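Heads up, data-v5.cif below (mmCIF, C-alpha atoms):
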data_my_file
loop_
_atom_site.label_atom_id
_atom_site.label_comp_id
_atom_site.auth_asym_id
_atom_site.auth_seq_id
_atom_site.Cartn_x
_atom_site.Cartn_y
_atom_site.Cartn_z
CA MET A 1355 13.20 12.00 78.64
CA LEU A 1356 15.88 9.40 79.21
CA PRO A 1357 16.85 7.74 75.95
CA VAL A 1358 19.77 5.77 77.39
CA ILE A 1359 20.82 4.32 80.72
CA ASN A 1360 24.59 4.24 81.15
CA LEU A 1361 25.69 1.23 83.16
CA GLY A 1362 29.47 1.52 83.23
CA PRO A 1363 30.72 0.83 79.70
CA LEU A 1364 27.25 -0.16 78.52
CA SER A 1365 24.68 2.23 77.12
CA LEU A 1366 21.24 0.65 77.18
CA PRO A 1367 18.69 2.27 74.89
CA LEU A 1368 15.78 2.64 77.28
CA PRO A 1369 12.98 2.85 74.66
CA GLU A 1370 13.94 -0.44 73.05
CA PHE A 1371 14.82 -2.00 76.42
CA SER A 1372 11.41 -1.19 77.88
CA LEU A 1373 9.70 -2.81 74.88
CA LEU A 1374 11.81 -5.94 75.33
CA ILE A 1375 11.03 -6.11 79.06
CA GLY A 1376 7.36 -5.52 78.31
CA PHE A 1377 7.32 -8.37 75.83
CA VAL A 1378 9.03 -10.86 78.13
CA ALA A 1379 7.01 -9.88 81.19
CA GLY A 1380 3.79 -9.68 79.19
CA SER A 1381 4.16 -13.15 77.73
CA ALA A 1382 4.95 -14.60 81.17
CA LEU A 1383 1.95 -12.80 82.69
CA ALA A 1384 -0.34 -13.98 79.92
CA GLU A 1385 0.75 -17.59 80.24
CA ARG A 1386 0.42 -17.55 84.02
CA ASN A 1387 -3.09 -16.11 83.95
CA SER A 1388 -4.26 -18.31 81.11
CA LYS A 1389 -3.49 -21.56 82.91
CA ARG A 1390 -6.76 -21.31 84.79
CA ILE A 1391 -8.85 -21.17 81.65
CA TRP A 1392 -6.86 -22.96 78.97
CA LYS A 1393 -4.99 -26.23 79.34
CA ASP A 1394 -2.74 -25.56 76.34
CA SER A 1395 -1.38 -22.27 77.68
CA ALA A 1396 2.16 -23.16 76.50
CA PHE A 1397 0.86 -22.48 73.00
CA LEU A 1398 0.53 -18.84 74.02
CA GLU A 1399 4.25 -18.41 74.56
CA LYS A 1400 4.96 -20.23 71.30
CA LEU A 1401 2.53 -17.94 69.48
CA LEU A 1402 4.09 -14.76 70.87
CA TRP A 1403 7.73 -15.66 70.33
CA THR A 1404 7.11 -17.12 66.88
CA SER A 1405 5.22 -14.00 65.86
CA LEU A 1406 8.02 -11.80 67.23
CA LEU A 1407 10.69 -13.71 65.35
CA ALA A 1408 8.64 -13.79 62.16
CA GLY A 1409 7.99 -10.08 62.53
CA LEU A 1410 11.65 -9.18 62.97
CA ILE A 1411 12.79 -11.30 60.05
CA GLY A 1412 9.90 -10.03 57.94
CA ALA A 1413 10.70 -6.42 58.81
CA ARG A 1414 14.34 -6.84 57.76
CA ILE A 1415 13.40 -8.59 54.50
CA SER A 1416 10.78 -5.94 53.80
CA PHE A 1417 13.34 -3.18 54.37
CA PHE A 1418 15.67 -4.86 51.90
CA VAL A 1419 12.93 -5.33 49.31
CA ARG A 1420 12.00 -1.65 49.55
CA ASN A 1421 15.63 -0.44 49.39
CA PRO A 1422 17.69 -3.04 47.49
CA SER A 1423 20.18 -0.57 46.02
CA ALA A 1424 21.12 0.67 49.49
CA PHE A 1425 22.71 -2.70 50.22
CA SER A 1426 24.81 -2.72 47.08
CA GLY A 1427 28.35 -3.72 48.05
CA ASN A 1428 27.24 -3.77 51.68
CA TYR A 1429 25.21 -6.96 52.04
CA LEU A 1430 26.63 -7.58 55.49
CA SER A 1431 24.21 -4.89 56.69
CA LEU A 1432 21.43 -7.43 56.20
CA ILE A 1433 22.43 -9.05 59.46
CA SER A 1434 23.09 -5.81 61.31
CA ILE A 1435 21.50 -5.58 64.76
CA ASN A 1436 20.63 -1.94 64.17
CA PRO A 1437 16.86 -1.73 64.74
CA ASN A 1438 16.48 1.12 62.25
CA LEU A 1439 16.99 -1.34 59.40
CA LEU A 1440 13.49 -2.67 59.98
CA ASP A 1441 10.39 -1.89 57.94
CA LEU A 1442 7.72 -1.91 60.65
CA PRO A 1443 4.61 -2.22 58.44
CA GLY A 1444 6.18 -5.19 56.67
CA GLY A 1445 7.14 -6.71 60.00
CA TYR A 1446 3.65 -6.32 61.42
CA LEU A 1447 2.19 -7.95 58.30
CA ILE A 1448 4.48 -10.98 58.47
CA ALA A 1449 3.90 -11.30 62.23
CA ALA A 1450 0.14 -11.19 61.65
CA VAL A 1451 0.37 -13.87 58.94
CA ALA A 1452 2.45 -16.09 61.22
CA SER A 1453 -0.02 -15.59 64.07
CA ILE A 1454 -3.03 -16.35 61.91
CA TYR A 1455 -1.35 -19.51 60.61
CA LEU A 1456 -0.53 -20.77 64.11
CA ILE A 1457 -3.98 -19.94 65.45
CA SER A 1458 -5.69 -21.61 62.52
CA ARG A 1459 -3.78 -24.80 63.29
CA SER A 1460 -4.81 -24.65 66.93
CA GLU A 1461 -8.11 -26.24 67.94
CA THR A 1462 -8.79 -23.56 70.51
CA PRO A 1463 -11.45 -20.96 69.70
CA LEU A 1464 -10.05 -17.58 68.71
CA LEU A 1465 -11.98 -15.76 71.44
CA ILE A 1466 -10.27 -17.82 74.15
CA ILE A 1467 -6.86 -17.08 72.64
CA LEU A 1468 -7.71 -13.37 72.58
CA ASP A 1469 -8.79 -13.50 76.22
CA CYS A 1470 -5.52 -15.18 77.18
CA LEU A 1471 -3.48 -12.64 75.17
CA THR A 1472 -5.13 -9.69 76.89
CA PRO A 1473 -2.68 -9.44 79.85
CA PHE A 1474 0.17 -9.42 77.33
CA LEU A 1475 -1.49 -6.63 75.36
CA GLY A 1476 -2.11 -4.66 78.53
CA LEU A 1477 1.50 -4.90 79.68
CA MET A 1478 2.85 -4.10 76.20
CA ALA A 1479 0.67 -1.00 76.08
CA GLY A 1480 2.36 0.23 79.26
CA ALA A 1481 5.79 -0.62 77.85
CA VAL A 1482 5.04 1.40 74.71
CA HIS A 1483 4.05 4.43 76.78
CA ILE A 1484 7.26 4.13 78.83
CA SER A 1485 9.23 3.84 75.59
CA HIS A 1486 7.64 7.02 74.24
CA PHE A 1487 8.33 8.87 77.49
CA ALA A 1488 11.97 7.76 77.46
CA SER A 1489 12.52 8.80 73.84
CA GLY A 1490 10.53 12.03 74.07
CA THR A 1491 8.19 11.04 71.25
CA GLY A 1492 4.41 11.20 71.42
CA PHE A 1493 4.79 14.32 73.55
CA GLY A 1494 2.00 16.43 74.96
CA SER A 1495 0.52 19.76 73.99
CA PRO A 1496 1.53 22.95 75.81
CA THR A 1497 -0.05 23.53 79.20
CA GLU A 1498 0.07 25.80 82.21
CA LEU A 1499 -0.88 23.08 84.66
CA PRO A 1500 1.51 22.70 87.61
CA TRP A 1501 2.43 19.14 86.69
CA GLY A 1502 3.51 20.08 83.17
CA ILE A 1503 7.01 19.04 82.12
CA PHE A 1504 9.45 21.15 80.10
CA LEU A 1505 10.07 19.36 76.85
CA TRP A 1506 11.05 20.56 73.39
CA GLY A 1507 10.95 24.23 74.21
CA GLU A 1508 7.64 24.37 76.12
CA VAL A 1509 5.91 23.18 79.28
CA ARG A 1510 3.75 20.29 78.12
CA HIS A 1511 1.27 17.72 79.37
CA PRO A 1512 3.15 14.56 80.40
CA VAL A 1513 0.71 12.71 78.16
CA GLN A 1514 2.87 9.58 77.99
CA LEU A 1515 2.46 9.29 81.77
CA TYR A 1516 -1.27 9.87 81.46
CA TYR A 1517 -1.38 6.99 78.98
CA LEU A 1518 0.75 4.84 81.29
CA LEU A 1519 -1.64 5.41 84.17
CA GLY A 1520 -4.58 4.52 81.95
CA SER A 1521 -2.91 1.32 80.80
CA ILE A 1522 -2.10 0.31 84.39
CA LEU A 1523 -5.70 0.81 85.50
CA VAL A 1524 -6.99 -1.22 82.56
CA LEU A 1525 -4.45 -3.99 83.18
CA VAL A 1526 -5.42 -4.22 86.86
CA LEU A 1527 -9.07 -4.52 85.86
CA VAL A 1528 -8.25 -7.21 83.27
CA LEU A 1529 -6.33 -9.26 85.83
CA PHE A 1530 -9.23 -8.88 88.26
CA LEU A 1531 -11.70 -10.10 85.66
CA LEU A 1532 -9.44 -13.02 84.79
CA SER A 1533 -9.51 -14.09 88.42
CA LYS A 1534 -13.29 -14.43 88.27
CA ASP A 1535 -14.90 -17.71 87.43
CA THR A 1536 -17.65 -16.83 85.05
CA TYR A 1537 -17.55 -14.82 81.84
CA ALA A 1538 -18.27 -15.45 78.20
CA GLN A 1539 -15.48 -16.18 75.73
CA GLY A 1540 -14.10 -12.94 74.34
CA PHE A 1541 -15.55 -10.86 77.17
CA ILE A 1542 -12.13 -10.08 78.66
CA PHE A 1543 -10.58 -9.09 75.35
CA PHE A 1544 -13.40 -6.84 74.18
CA ARG A 1545 -13.77 -5.25 77.61
CA PHE A 1546 -10.02 -4.54 77.48
CA SER A 1547 -10.22 -3.08 73.98
CA LEU A 1548 -13.23 -0.96 74.97
CA LEU A 1549 -11.50 0.51 78.02
CA THR A 1550 -8.22 0.98 76.18
CA GLY A 1551 -10.00 2.75 73.35
CA LEU A 1552 -11.77 5.00 75.83
CA TYR A 1553 -8.67 6.18 77.68
CA LEU A 1554 -6.71 6.60 74.47
CA LEU A 1555 -9.53 8.58 72.86
CA PHE A 1556 -9.83 10.84 75.88
CA LEU A 1557 -6.13 11.42 76.53
CA SER A 1558 -5.02 11.81 72.92
CA ARG A 1559 -6.51 15.29 73.00
CA PHE A 1560 -3.54 16.30 75.16
CA GLN A 1561 -1.00 14.93 72.71
CA GLU A 1562 0.47 17.40 70.28
CA ASN A 1563 1.87 15.57 67.32
CA GLY A 1564 0.05 13.19 65.07
CA ILE A 1565 -1.55 12.84 61.69
CA VAL A 1566 -4.71 14.85 61.03
CA PHE A 1567 -7.35 14.68 58.36
CA PRO A 1568 -8.41 17.85 56.59
CA GLY A 1569 -10.41 19.85 59.07
CA GLY A 1570 -8.07 19.01 61.92
CA PHE A 1571 -9.65 15.69 62.87
CA ARG A 1572 -7.07 13.48 64.52
CA VAL A 1573 -6.56 10.16 62.74
CA ASP A 1574 -5.66 8.37 65.97
CA GLN A 1575 -8.86 9.50 67.70
CA ILE A 1576 -10.98 8.22 64.82
CA PHE A 1577 -9.19 4.87 64.99
CA TYR A 1578 -9.79 4.65 68.76
CA TRP A 1579 -13.46 5.53 68.27
CA LEU A 1580 -13.80 2.72 65.74
CA CYS A 1581 -12.20 0.30 68.23
CA ILE A 1582 -14.76 1.41 70.81
CA LEU A 1583 -17.57 0.89 68.29
CA ILE A 1584 -16.41 -2.62 67.42
CA SER A 1585 -15.92 -3.55 71.07
CA LEU A 1586 -19.35 -2.26 72.07
CA THR A 1587 -20.92 -4.12 69.17
CA PHE A 1588 -19.39 -7.42 70.21
CA LEU A 1589 -20.08 -6.87 73.89
CA ASN A 1590 -23.68 -5.82 73.41
CA TYR A 1591 -24.87 -8.04 70.62
CA TYR A 1592 -22.84 -11.24 71.00
CA LEU A 1593 -21.51 -11.56 74.51
CA LEU A 1594 -23.63 -9.86 77.12
CA PRO A 1595 -26.95 -11.30 75.95
CA LYS A 1596 -25.60 -14.79 76.52
CA GLU A 1597 -26.31 -16.41 79.81
CA LEU A 1598 -23.24 -16.05 81.99
CA GLU A 1599 -22.01 -19.56 82.53
CA ASN A 1600 -19.19 -21.25 84.16
CA SER A 1601 -16.70 -21.33 81.31
CA HIS A 1602 -14.31 -23.82 82.92
CA ASP A 1603 -16.20 -26.84 81.62
CA ASP A 1604 -16.48 -25.35 78.11
CA ARG A 1605 -12.81 -24.36 77.82
CA ARG A 1606 -11.23 -27.49 79.18
CA MET B 64 -30.23 -16.87 84.74
CA LYS B 65 -29.41 -13.25 84.28
CA SER B 66 -31.84 -11.50 81.94
CA TYR B 67 -30.68 -8.86 79.52
CA ASN B 68 -32.59 -5.68 78.78
CA ASN B 69 -32.07 -4.75 75.12
CA ARG B 70 -33.34 -1.20 75.46
CA ARG B 71 -31.06 -0.44 78.38
CA GLY B 72 -28.24 -2.20 76.57
CA LEU B 73 -28.47 0.17 73.57
CA THR B 74 -28.64 3.42 75.50
CA PHE B 75 -25.29 3.21 77.22
CA PRO B 76 -23.27 2.32 74.10
CA ILE B 77 -24.98 5.04 72.09
CA ILE B 78 -24.18 7.61 74.77
CA ILE B 79 -20.53 6.53 74.78
CA LEU B 80 -20.27 6.71 71.01
CA VAL B 81 -21.93 10.09 70.76
CA LEU B 82 -19.76 11.51 73.55
CA GLY B 83 -16.76 10.12 71.71
CA LEU B 84 -17.76 11.95 68.54
CA VAL B 85 -18.27 15.16 70.48
CA TRP B 86 -14.83 14.74 72.04
CA ILE B 87 -13.27 14.19 68.61
CA TRP B 88 -15.04 17.27 67.30
CA SER B 89 -13.89 19.44 70.20
CA SER B 90 -10.35 18.08 69.99
CA ARG B 91 -9.99 19.30 66.43
CA LEU B 92 -9.89 22.85 67.72
CA THR B 93 -6.67 22.13 69.58
CA ALA B 94 -5.00 19.97 66.93
CA LEU B 95 -1.70 21.59 66.02
CA GLN B 96 0.20 20.68 62.90
CA PRO B 97 3.80 19.94 63.86
CA GLU B 98 5.00 21.74 60.74
CA ASP B 99 3.54 24.99 62.09
CA SER B 100 5.77 25.00 65.14
CA PRO B 101 8.64 27.55 64.91
CA ILE B 102 10.35 26.02 67.93
CA GLU B 103 13.94 24.89 67.61
CA ALA B 104 14.45 21.60 69.41
CA PRO B 105 16.65 18.52 68.90
CA GLN B 106 13.71 16.25 68.11
CA SER B 107 12.11 14.94 64.97
CA GLY B 108 9.55 17.41 63.62
CA PHE B 109 11.19 20.52 65.06
CA ASN B 110 13.51 23.09 63.54
CA LEU B 111 17.23 22.51 63.85
CA PRO B 112 18.82 24.50 66.68
CA GLN B 113 21.25 26.80 64.85
CA PHE B 114 24.88 27.01 65.88
CA LYS B 115 28.42 27.98 64.83
CA LEU B 116 31.51 25.96 65.66
CA ILE B 117 35.17 25.88 64.75
CA THR B 118 36.28 22.91 62.68
CA ALA B 119 39.41 20.80 63.16
CA SER B 120 40.96 22.63 60.20
CA GLY B 121 40.39 26.02 61.84
CA GLU B 122 37.41 27.17 59.77
CA THR B 123 34.01 28.21 61.05
CA PHE B 124 31.00 26.03 60.33
CA ASP B 125 27.66 27.78 60.51
CA THR B 126 24.41 25.84 60.09
CA SER B 127 23.06 28.78 58.10
CA PHE B 128 25.49 27.69 55.35
CA ALA B 129 23.32 24.59 54.97
CA THR B 130 20.07 26.51 54.51
CA GLY B 131 18.10 24.86 51.72
CA LYS B 132 20.35 21.80 51.76
CA PRO B 133 19.90 18.39 53.36
CA LEU B 134 22.14 18.10 56.41
CA ILE B 135 23.44 15.29 58.60
CA ILE B 136 24.94 16.08 62.01
CA ASN B 137 26.72 13.25 63.78
CA PHE B 138 27.95 13.55 67.38
CA TRP B 139 30.96 11.36 68.13
CA ALA B 140 34.14 10.86 70.11
CA SER B 141 37.37 9.05 69.25
CA TRP B 142 37.10 6.77 72.30
CA CYS B 143 33.59 5.60 71.34
CA PRO B 144 33.73 2.18 69.57
CA PRO B 145 30.50 2.48 67.54
CA CYS B 146 31.50 6.02 66.52
CA ARG B 147 34.82 4.70 65.23
CA ALA B 148 33.05 1.84 63.46
CA GLU B 149 30.57 4.00 61.58
CA MET B 150 32.78 6.93 60.59
CA PRO B 151 34.30 5.16 57.55
CA ASP B 152 30.73 4.58 56.31
CA PHE B 153 29.98 8.28 56.74
CA GLN B 154 33.06 9.00 54.62
CA LYS B 155 31.91 6.52 51.97
CA ALA B 156 28.43 8.09 51.94
CA PHE B 157 29.97 11.56 51.69
CA GLN B 158 31.96 10.46 48.64
CA GLU B 159 29.02 8.66 47.03
CA PHE B 160 26.77 11.71 47.30
CA THR B 161 29.41 14.31 46.54
CA GLU B 162 27.56 15.34 43.37
CA THR B 163 24.54 16.37 45.43
CA ASP B 164 24.08 19.29 47.84
CA LEU B 165 24.19 17.01 50.89
CA VAL B 166 26.12 18.45 53.85
CA ILE B 167 27.61 16.15 56.49
CA ALA B 168 29.11 17.54 59.68
CA ALA B 169 30.56 15.46 62.51
CA VAL B 170 30.57 17.18 65.90
CA ASN B 171 33.31 15.87 68.15
CA ALA B 172 32.58 15.99 71.88
CA THR B 173 35.98 17.60 72.38
CA ASN B 174 35.33 18.44 76.02
CA GLN B 175 35.48 14.69 76.72
CA ASP B 176 38.04 13.72 74.09
CA SER B 177 41.71 14.22 73.29
CA MET B 178 42.62 16.51 70.38
CA THR B 179 45.59 14.29 69.60
CA ASP B 180 43.36 11.26 69.28
CA VAL B 181 40.76 13.23 67.30
CA LEU B 182 43.30 14.46 64.76
CA ALA B 183 44.87 11.01 64.50
CA PHE B 184 41.46 9.46 63.85
CA ILE B 185 40.63 12.05 61.19
CA ASP B 186 43.93 11.42 59.51
CA SER B 187 43.80 7.62 59.63
CA ASN B 188 40.29 7.55 58.16
CA GLN B 189 40.97 10.40 55.73
CA LEU B 190 37.75 12.16 56.67
CA SER B 191 37.02 14.94 54.21
CA PHE B 192 33.77 16.38 55.60
CA PRO B 193 33.76 19.06 58.32
CA ILE B 194 34.75 17.85 61.79
CA LEU B 195 33.41 20.35 64.32
CA LEU B 196 34.90 20.75 67.77
CA ASP B 197 32.46 21.14 70.66
CA GLN B 198 35.14 22.23 73.10
CA THR B 199 32.79 23.30 75.91
CA GLY B 200 30.16 20.61 75.50
CA SER B 201 27.47 23.24 75.07
CA LEU B 202 26.26 21.95 71.73
CA THR B 203 26.09 18.40 73.08
CA ARG B 204 23.87 19.71 75.86
CA THR B 205 21.76 21.80 73.50
CA TYR B 206 21.13 18.75 71.37
CA ASN B 207 20.35 16.51 74.39
CA VAL B 208 23.05 14.05 73.37
CA TYR B 209 22.93 11.43 76.12
CA SER B 210 24.85 8.78 74.23
CA LEU B 211 27.45 8.66 71.50
CA PRO B 212 27.02 8.39 68.61
CA THR B 213 23.83 10.35 67.98
CA THR B 214 22.91 11.39 64.46
CA PHE B 215 20.43 14.02 63.27
CA PHE B 216 18.97 14.08 59.75
CA ILE B 217 17.71 17.49 58.65
CA ASP B 218 15.71 18.29 55.51
CA ARG B 219 16.02 21.26 53.19
CA ASP B 220 13.55 23.26 55.29
CA GLY B 221 15.81 22.97 58.30
CA ARG B 222 13.48 20.52 60.01
CA ILE B 223 14.82 17.45 61.80
CA THR B 224 13.34 14.38 60.16
CA LYS B 225 15.02 11.66 62.18
CA VAL B 226 17.23 11.20 65.22
CA LEU B 227 19.25 8.00 65.57
CA VAL B 228 20.65 7.34 69.02
CA GLY B 229 23.44 4.81 69.09
CA GLY B 230 25.34 3.03 66.39
CA PRO B 231 27.11 2.02 64.36
CA ILE B 232 24.83 3.13 61.55
CA PRO B 233 25.28 0.76 58.61
CA LEU B 234 26.07 2.23 55.21
CA ALA B 235 22.79 0.83 53.85
CA LEU B 236 20.79 2.81 56.40
CA LEU B 237 22.79 5.96 55.68
CA ARG B 238 22.03 5.61 51.98
CA VAL B 239 18.33 5.17 52.64
CA GLU B 240 18.12 8.19 54.94
CA ILE B 241 20.18 10.36 52.59
CA ASN B 242 17.99 9.41 49.64
CA ASN B 243 14.94 10.32 51.73
CA LEU B 244 16.45 13.74 52.45
CA LEU B 245 17.37 14.32 48.81
CA GLN B 246 13.90 13.41 47.61
CA ASP B 247 12.17 15.98 49.84
#

Could you spell out this file's structure in structure tokens?
Amino acid sequence: MLPVINLGPLSLPLPEFSLLIGFVAGSALAERNSKRIWKDSAFLEKLLWTSLLAGLIGARISFFVRNPSAFSGNYLSLISINPNLLDLPGGYLIAAVASIYLISRSETPLLIILDCLTPFLGLMAGAVHISHFASGTGFGSPTELPWGIFLWGEVRHPVQLYYLLGSILVLVLVLFLLSKDTYAQGFIFFRFSLLTGLYLLFLSRFQENGIVFPGGFRVDQIFYWLCILISLTFLNYYLLPKELENSHDDRR
Amino acid sequence: MKSYNNRRGLTFPIIILVLGLVWIWSSRLTALQPEDSPIEAPQSGFNLPQFKLITASGETFDTSFATGKPLIINFWASWCPPCRAEMPDFQKAFQEFTETDLVIAAVNATNQDSMTDVLAFIDSNQLSFPILLDQTGSLTRTYNVYSLPTTFFIDRDGRITKVLVGGPIPLALLRVEINNLLQD
């Protein structure tokens, strides 16, 4: 693990820094790749940054609402840059509301927007795995394999690196598909979610911590399986049966 | 026009879904509850690595003294700006929760600090909780402290519930985390 990078007097928190880099690079990648299929690709960057800002503000407000007495006599903390003063579920909710509002006001079909967002999602997935590796969270189960890493008292699967490799492979495939001329709207996104669900479902077995249902069933694996089910349903029943057509004329 | 075979289209998805269920079923055999791990490690979910250190007032602080009590361990140095910024808030929190069984201990990275500056800082901020002296740096290494300040929150069972790298930690956040520890 490497939680900080010391650059002279500066200490950069690598987990948070990798997420920031992933966001910036992901939004640039998504906008660049979407220009071929969507004339209003600038909306993509607006959507992402507005959602991020709304999410951060929402997370701070949500934290305050849940812990008002903690700020008693210390209201200056409301504008603290400390990221631990954020309520993530509240932030995600506000970001989702902001996104839905912006998308509803756009005339572009949702499936096209999802296709264009896919490179961003792929790059952010990799950034999250790097963040986990840097902070030592989401660590692997014990192993005797030669490539195991010593972490938290045992030699463990470098599962964060397994995930990172999976996300890179999926991202490369997504970018390849985006370079093709013909595919149905939503095909890229649901193919991405299918492949992502598959590698996460497979590799999560080698991750140690996590929430389990009674009986030892991993909650994360069930969630990934449901994502696979939904993706397969859309791909098989709504997208693949359609005649593959040149989508340039339809999108522009 | 590309034709689509419905029968072939159903087989592959069904195989994937069934294999997925089998994988989930087989994975449950290896699922390990984090709470079952007896390992001591400086990471959330693990037991606190036990230690003994001399304090700035010449006493011995032993983590076993805090058994059954919520504990906060903060690593700091007098030359570290965010450490200096947050220490008054630690003192305020210590005073606010003095009626509880909360234990706060600040571990000074003495091997990379000046005792004169440390004592002057303690005096100027009137710190009344234990200030431990890590004179060899061994505890800093044991706790994988890569950056100062780093703060560990430990529950009554001796399990680390949260690790905060960096600072300064606002008083509001300290209050929230302390209340979480006291509620457990």

message: Could you list, as a list in words, every residue within 9 Å of stretch 1456-1468 of chain A, counting only C-alpha atoms and ignoring same-chain residues fewer than 3 positions away?
response: Ser1388, Ile1391, Trp1392, Asp1394, Phe1397, Leu1398, Leu1401, Thr1404, Val1451, Ala1452, Ser1453, Leu1471, Thr1472, Gln1539, Gly1540, Phe1541, Ile1542, Phe1543, Phe1544 and Arg1605 of chain A

- prompt: So which one's closest to A:Ile1576, B:Ile79, B:Ile194, B:Leu84, B:Leu244? Using only C-alpha atoms, please.
  reply: B:Leu84

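Each of B:Arg219, B:Lys115, B:Lys225, B:Lys132 was checked against chain A using all atoms listed in the file; the smallest atom-to-atom distance is that of B:Lys225.
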
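If only C-alpha atoms are the atoms counted, then among A:Ala1488, A:Val1524, A:Leu1383, A:Ala1450 the closest residue to chain B is A:Ala1488.
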
- request: Give as a ChimeraX atom specification every residue, naming chains and numbers as the document does, that has an atom within 12 Å of (3.3, 20.8, 90.0), counting all atoms listed in the file.
  value: /A:1497-1504,1509-1512

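When the PyMOL selection byres ((chain A and resi 1356-1363) around 9) is evaluated against the file, it yields Met1355, Leu1364, Ser1365, Leu1366, Pro1367, Leu1368, Pro1369, Ser1485, Phe1487, Ala1488, Ser1489 and Gly1490 of chain A; Tyr209, Ser210 and Val228 of chain B.
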
Best match for closeness to B:Ala156 among A:Ala1424, A:Ile1484, A:Leu1586, A:Leu1442, counting all atoms listed in the file: A:Ala1424

Excluding B:Leu227 and any residue of its chain fewer than 6 positions from it, enumerate the residues within 12 Å of it, using all atoms listed in the file, and give them as a CSV table (one decimal) with C-alpha atoms, in the coordinates of the input.
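out-v5.csv, freshly written:
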chain,number,residue,atom,x,y,z
A,1357,PRO,CA,16.8,7.7,76.0
A,1367,PRO,CA,18.7,2.3,74.9
A,1436,ASN,CA,20.6,-1.9,64.2
A,1437,PRO,CA,16.9,-1.7,64.7
A,1438,ASN,CA,16.5,1.1,62.2
A,1439,LEU,CA,17.0,-1.3,59.4
A,1489,SER,CA,12.5,8.8,73.8
B,105,PRO,CA,16.6,18.5,68.9
B,106,GLN,CA,13.7,16.2,68.1
B,107,SER,CA,12.1,14.9,65.0
B,135,ILE,CA,23.4,15.3,58.6
B,136,ILE,CA,24.9,16.1,62.0
B,137,ASN,CA,26.7,13.2,63.8
B,138,PHE,CA,28.0,13.6,67.4
B,208,VAL,CA,23.0,14.0,73.4
B,209,TYR,CA,22.9,11.4,76.1
B,210,SER,CA,24.8,8.8,74.2
B,211,LEU,CA,27.4,8.7,71.5
B,212,PRO,CA,27.0,8.4,68.6
B,213,THR,CA,23.8,10.4,68.0
B,214,THR,CA,22.9,11.4,64.5
B,215,PHE,CA,20.4,14.0,63.3
B,216,PHE,CA,19.0,14.1,59.8
B,217,ILE,CA,17.7,17.5,58.6
B,233,PRO,CA,25.3,0.8,58.6
B,236,LEU,CA,20.8,2.8,56.4
B,237,LEU,CA,22.8,6.0,55.7
B,240,GLU,CA,18.1,8.2,54.9

field: Matched chain/residue IDs from the PyMOL selection byres ((chain A) within 8 of (chain B)), as a ChimeraX atom specification
entry: /A:1356-1358,1365,1367,1421,1424-1426,1428,1431,1434,1436,1438-1439,1490,1506-1507,1555-1556,1559,1562-1564,1566,1569-1572,1575-1576,1579,1582-1583,1586,1590,1594-1595,1597-1598

Where atoms are absent from stretch 212-220 of chain B, fill them in so it carries N, CA, C and O atoms, then output it as a short mmCIF file (atom, residue, chain, number, x, y, z; two decimals), keeping the file's coordinate frame.
data_model
loop_
_atom_site.label_atom_id
_atom_site.label_comp_id
_atom_site.auth_asym_id
_atom_site.auth_seq_id
_atom_site.Cartn_x
_atom_site.Cartn_y
_atom_site.Cartn_z
N PRO B 212 27.33 7.26 69.49
CA PRO B 212 27.02 8.39 68.61
C PRO B 212 25.52 8.71 68.60
O PRO B 212 24.70 7.86 68.92
N THR B 213 25.21 9.94 68.23
CA THR B 213 23.83 10.35 67.98
C THR B 213 23.84 11.13 66.67
O THR B 213 24.70 11.99 66.48
N THR B 214 22.90 10.82 65.81
CA THR B 214 22.91 11.39 64.46
C THR B 214 21.57 12.05 64.16
O THR B 214 20.52 11.46 64.42
N PHE B 215 21.63 13.25 63.62
CA PHE B 215 20.43 14.02 63.27
C PHE B 215 20.38 14.16 61.75
O PHE B 215 21.38 14.52 61.12
N PHE B 216 19.20 13.91 61.19
CA PHE B 216 18.97 14.08 59.75
C PHE B 216 18.03 15.27 59.58
O PHE B 216 16.94 15.29 60.16
N ILE B 217 18.46 16.24 58.79
CA ILE B 217 17.71 17.49 58.65
C ILE B 217 17.38 17.71 57.17
O ILE B 217 18.26 17.59 56.30
N ASP B 218 16.12 18.09 56.90
CA ASP B 218 15.71 18.29 55.51
C ASP B 218 16.05 19.69 55.03
O ASP B 218 16.62 20.51 55.76
N ARG B 219 15.67 19.98 53.80
CA ARG B 219 16.02 21.26 53.19
C ARG B 219 15.35 22.45 53.86
O ARG B 219 15.80 23.58 53.73
N ASP B 220 14.25 22.18 54.58
CA ASP B 220 13.55 23.26 55.29
C ASP B 220 14.13 23.51 56.67
O ASP B 220 13.58 24.31 57.43
#
